[in-house]
Amino acid sequence: MKRYFYLSLLFSTYLPAEELVPLELTPIVVKTSQDTADYLTLNSSTATRSSIDSLVVPYSVSVVSQGLLQDSNFNRLEDSALFMSGVEQSSNNSGFDTDLVIRGFSTQGATFLNGVMDNQRFQVRDKALIERIEILKGHSSVLYGSGSPGGSVNYISKKPLTESKHQLSFEVGNYDFYRLVADSTGPINGNKDLLYRVIVAGQLSDDFRANITNDRATIAPSLTWHYADSGVFNIEFEYSNENQPYRFDTVYTQGQIVFDQSYVDPRAQSEREHFRLSSSLSQELNDHWSVKLSTNYFHTQRHDVLFGFFTFIDDSTLSGYYRDIHDDYDQFNLRTEVHGEFSLLNTQHQLIVGFERNDSDARLTSDRNIGGFTLDVYQPDFNHPIPATTPLDRDTGITEYGYYVHDQIDLSEMWHIFAGLRYSQFSAERVQNERYTQLTDSDALSYNAGLSFTPFDFLNTYFGYSESFQPNYGMSKMQAYLPAKRGQLYELGLKAHFLQHKLEVSSAIYHLAQNNLTARDPTDPDYLITNGEMTSEGFEMQLSGQITEKFSISANYSLIDAHFSKHARYQGNQMRSTPTHSGALWSKYQLEELLANDNLSFGGGMIFVGKRQGDDANSFTLPGYIRADLFARYQIEWFSLQINVENLLDKRYASSAIYDDTVAQGNRRLVRALFSVQL
């Protein structure tokens with residue numbers, strides 16, 4: 001009966017709305033519907049933390065627009081990776097987090113929400129709350145602090161609108177999939193200076209593998225207050241409840257991937273609750289200077305019973321794994337910035353000076369057993385008692401401070417310089433089974449710089465450089481904390497707009513490296529050293545927008561050589577889950593009116609992913625695959641019906657892997673019917 005809580009919540013809190021491109025009222029985004037040409041978003045805030053024409057930015061920025069999210073109607077946000085060059089699906093914590101591989105580097109679930117760090121603890125964000133997804137290729141630690149060198153993933157949430165809009169949608173599909181979304185927005189008072197939005201979403205879903213569910217319920221009210229002509233205050237609250245057992249994925253053994261198999265015991269459990277309170281303030285001081293403040297507070301509490309396997313005993317036998325986990329997590333993020341525009345020596349400047357603090361505390365108590373039972377790879381039998389356990393308790397606290405400055409310098413209408421500097425301090429400590437350990441206490445200095453040349457308002461060539469860092473946890477034999485992993489990106493690119501800025505073609509070549517990878521000290525295995533480096537080099541091309549008023553397209557191609565350029569064990573090996581060749585084509589065509597006030601649109605896409613290494617040891621290879629998706633939507637006045645078919649030919653394929661005992665299988669054929677009513 002607990003599963004039906006997700007739908008009963010919706011019917012008891014029904015509030016409907018229409019999904020239009022809103023006026024963004026966050027400290028880092030100010031956009032209108034004119035910024036978007038269906039599949040193309042012309043402005044982006046992620047690369048510079050200020051609203052700017054993406055054509056001028058000297059970095060690659062990929063945006064999955066609301067149009068693409070609606071037409072593809074993927075159930076998980078990471079499935080939208082197909083729309084972005086150099087980005088692949090991944091599987092962090094077996095689906096407990098949303099993960100992407102960008103230019104060969106996993107984000108490891110680290111994402112941002114409206115430019116501020118998102119929940120880092122086992123949350124899969126519901127797509128009903130997201131207006132669009134922006135990805136800055138090559139993580140910029142100047143603007144975002146510690147992170148994976150591949151890129152920065154930034155979710156832009158839906159905001160209140162000045163016009164009353166209401167929508168109710170119901171979706172049904174195979175594998176017992178049911179989903180209900182209600183969205184209502186509009187002004188609260190006659191002056192329209194106080195706006196609201198409430199989004200409620202509920203979902204019940206099984207998986208093509210046994211004993212795996214994906215149930216969730218989310219409610220997210222938000223307010224926008226224009227308290228003065230020069231000031232805007234936003235506040236958002238979110239509560240979500242997720243029920244998705246740790247799925248353990250599948251394995252590669254005896255020269256093949258074991259498809260369609262579940263190793264999840266029927267006694268596995270999952271109950272995760274997430275709370276979020278976000279606020280943002282934007283206050284103009286005068287015509288040229290403003291102050292922006294953003295905060296996020298997250299609280300996650302979960303009870304998960306992981307009941308599956310640990311690793312291989314032999315080619316056809318797996319060692320059992322059982323763990324009963326109670327987890328409480330708190331995260332607080334604060335970011336404040338001063339934005340200014342001024343002239344100096346015949347140049348125009350857009351300056352940002354900022355401060356950031358990120359704190360988290362994860363308190364975990366658990367009982368576990370490894371190897372207390374076994375499972376057959378091909379015919380797992382779950383008829384065994386719960387094994388005896390031993391405790392594993394852990395309390396981990398992490399703090400990061402950042403001080404940064406970034407300047408966009410317009411030398412002329414054609415030449416632009418972007419440059420930034422950040423100083424960061426980070427510390428981490430852990431108490432495990434009552435034993436205290438200081439994990440790290442260090443700092444990092446980061447830079448970025450870019451040169452942009454726009455000889456015409458539709459053409460830009462650029463060169464960009466950025467740095468990233470990720471703390472290393474542990475100590476050297478000399479009792480010193482290990483230096484952070486450091487990433488460096490060099491990128492040369494070309495962007496062009498056609499058809500009155502409705503179609504964008506972009507391309508880039510890049511060199512991306514991360515050093516200070518850790519390994520055991522060969523003279524004393526109780527300690528670590530930093531002696532490794534990973535390098536990714538490649539070419540990307542992307543096309544997005546409208547070719548005609550009725551024909552929209554999104555296409556991309558990536559060529560990547562990602563390998564260990566320095567490593568004690570894996571020297572020269574290819575990085576896992578990173579294909580040399582990949583690409584996708586997605587398009588939509590809208591027919592002429594069949595009846596009065598109606599329209600019919602249809603489309604779909606082809607996704608190609610080449611063969612990839614399944615692990616860093618390059619001990620096995622994931623085969624390449626081609627997948628076909630289709631959709632059609634009919635809309636007449638206030639009603640619409642949309643049909644989506646993912647994996648039309650029901651291909652078996654592996655979307656990613658970490659080891660031979662951690663292989664994520666891609667979705668089987670999914671058929672969804674979405675009914676929407678505008679009120």
# chains A, B, ... in the order shown; residues from 1 in each chain; ligands from 1

$ residues_around --residues "Gln514 of chain A" --least-positions-apart "4" --cutoff "6 Å" --atoms "only C-alpha atoms" --output "VMD selection string"
chain A and resid 486 to 487 533 to 534

$ residues_around --residues "segment 663-668 of chain A" --least-positions-apart "4" --cutoff "10 Å" --atoms "only C-alpha atoms" --output "MDAnalysis selection string"
chainID A and resid 79 89:92 94:95 207:209 247:252 257:261 577 614:615 622 646:659

$ residues_around --residues "segment 438-450 of chain A" --least-positions-apart "3" --cutoff "6 Å" --atoms "only C-alpha atoms" --output "ChimeraX atom specification"
/A:58,142,417-429,463-467,473-474,481

$ atom_distance --atom1 "atom CA of Leu600 of chain A" --atom2 "atom CA of Glu637 of chain A"
12.0 Å

$ atom_distance --atom1 "atom CA of Ser558 of chain A" --atom2 "atom CA of Val645 of chain A"
25.0 Å

$ select_by_dssp --residues "segment 153-308 of chain A" --states "strand (DSSP E)" --output "ChimeraX atom specification"
/A:153-157,165-173,177-187,194-204,215-228,231-243,252-253,256-257,269-284,289-308

$ closest_residue --among "A:Ser157, A:Ser587, A:Asn243, A:Asn516" --to "Lys566 of chain A" --atoms "only C-alpha atoms"
A:Asn516
